[in-house]
Amino acid sequence: MFGNRDIPVYLFTGFLESGKSTCFQEILKEGNFEDGLRTLFLLTEEGEAEIAEELLQYNKVDMVVIDDEEELTESMCKDLVKEYKPARIVIEVNGMWDITRLINETIPENWIVVQTFTTVNAETFPMYINNMKSLLMSHFQQSDLVIFNRCDREMDKASMRRNVKAINRAAQVLFESEDGSVESNIEEELPYDINADVIELEDDDFGLWYLDVSEHPEKYEGKTVVFKGQVYRNRTFPKDAFVPARKAMTCCADDIAKIGFICHHPQAAELDLDSWVKVSVKVKPEYSHRQQTKVPMLWADKIEQAEAPEEEIVYFS
């Protein structure tokens, strides 16, 4: 019976020496696990920092080292629960492991991932984003909180943040400096005048606008925005709705998807699918029960045929 109950799971992800152990150790030091409940800690990668044994004992944390990705199976997970009888589980995930497979296939169904932390060494981030972007993005995609540590003033934090938000708009992003200070409100330098009554987007501006209006729809409420998009509709759309969409690459050439927002117009159903249009829209944020937040809703007052942009793919880097 014990093994069938739901067990909350906390994931700490990131590449070697990104600060995963340090992050978990700080959480222990802050007293977040001082409730007397037993914790099973699965360590899948031993880095430069080791968590103090006395800190583990004080917080009733049992640590098990897993050396190989193939070693951790659903059967092993169930055996560990029987042996240690944890109230919760913490997994420090090896940065080279397939985190999607870990969550969807390896851990038992009653292991419920409640929070995922991703740590990133800001000094080595450019190397990973250039050489291992697909793997890095898979970690961002699953994360609730992304922490860039070892930051300095010269680093392009807005670009770092953009890389996360392009793949996971809901993730919180923090920047930690060597002195321990933390920043979260990184201002994006927008290529258009946010204070203008009519915001005309250049073709290359769509990606930045898409991220900014997704996160701060209230900034655009009542404003008119003019941009190009490709007509997208499906059978579930009301007759007056379509999406003036763009194709976006968030990770690699194999990861291109259409992005955009629902737009209302009386003649929406008459528009040719995949045709390029230039739209003039009013932004009216509406509360989404599914997303539990306000989302941009567009209302078009003008639609005209347009030529495709010189570069049809939107990039966020």
# chains A, B, ... in the order shown; residues from 1 in each chain; ligands from 1
call {"tool": "select_by_dssp", "arguments": {"residues": "range 41-163 of chain A", "states": "strand (DSSP E or B)", "output": "ChimeraX atom specification"}}
result
/A:41-43,61-65,88-92,111-121,145-151
call {"tool": "select_by_dssp", "arguments": {"residues": "range 79-277 of chain A", "states": "helix (DSSP H, G or I)", "output": "ChimeraX atom specification"}}
result
/A:79-84,99-106,125-131,133-142,157-167,203-215,217-220,268-270
call {"tool": "atom_distance", "arguments": {"atom1": "CA of Cys77 in chain A", "atom2": "CA of Pro108 in chain A"}}
result
7.1 Å
call {"tool": "closest_atom_pairs", "arguments": {"of": "range 48-109 of chain A", "to": "range 140-149 of chain A", "cutoff": "12 Å", "atoms": "only C-alpha atoms", "output": "tab-separated table"}}
result
residue	atom	partner	partner_atom	distance
A:Gly95	CA	A:Phe140	CA	11.5
A:Asp98	CA	A:Gln142	CA	11.2
A:Ile99	CA	A:Gln142	CA	8.0
A:Thr100	CA	A:Gln142	CA	7.8
A:Arg101	CA	A:Gln142	CA	11.4
A:Leu102	CA	A:Gln142	CA	11.1
A:Ile103	CA	A:Gln142	CA	9.2
A:Asn104	CA	A:Gln142	CA	11.3
call {"tool": "residues_around", "arguments": {"residues": "Glu46 in chain A", "least_positions_apart": "4", "cutoff": "12 Å", "atoms": "only C-alpha atoms", "output": "PyMOL selection string"}}
result
chain A and resi 15-22+42+50-51+63-68+92-95
call {"tool": "closest_atom_pairs", "arguments": {"of": "range 106-137 of chain A", "to": "range 177-186 of chain A", "cutoff": "12 Å", "atoms": "only C-alpha atoms", "output": "Markdown table"}}
result
| residue | atom | partner | partner_atom | distance |
| --- | --- | --- | --- | --- |
| A:Asn121 | CA | A:Ser177 | CA | 10.7 |
| A:Ala122 | CA | A:Ser177 | CA | 9.6 |
| A:Glu123 | CA | A:Ser177 | CA | 11.1 |
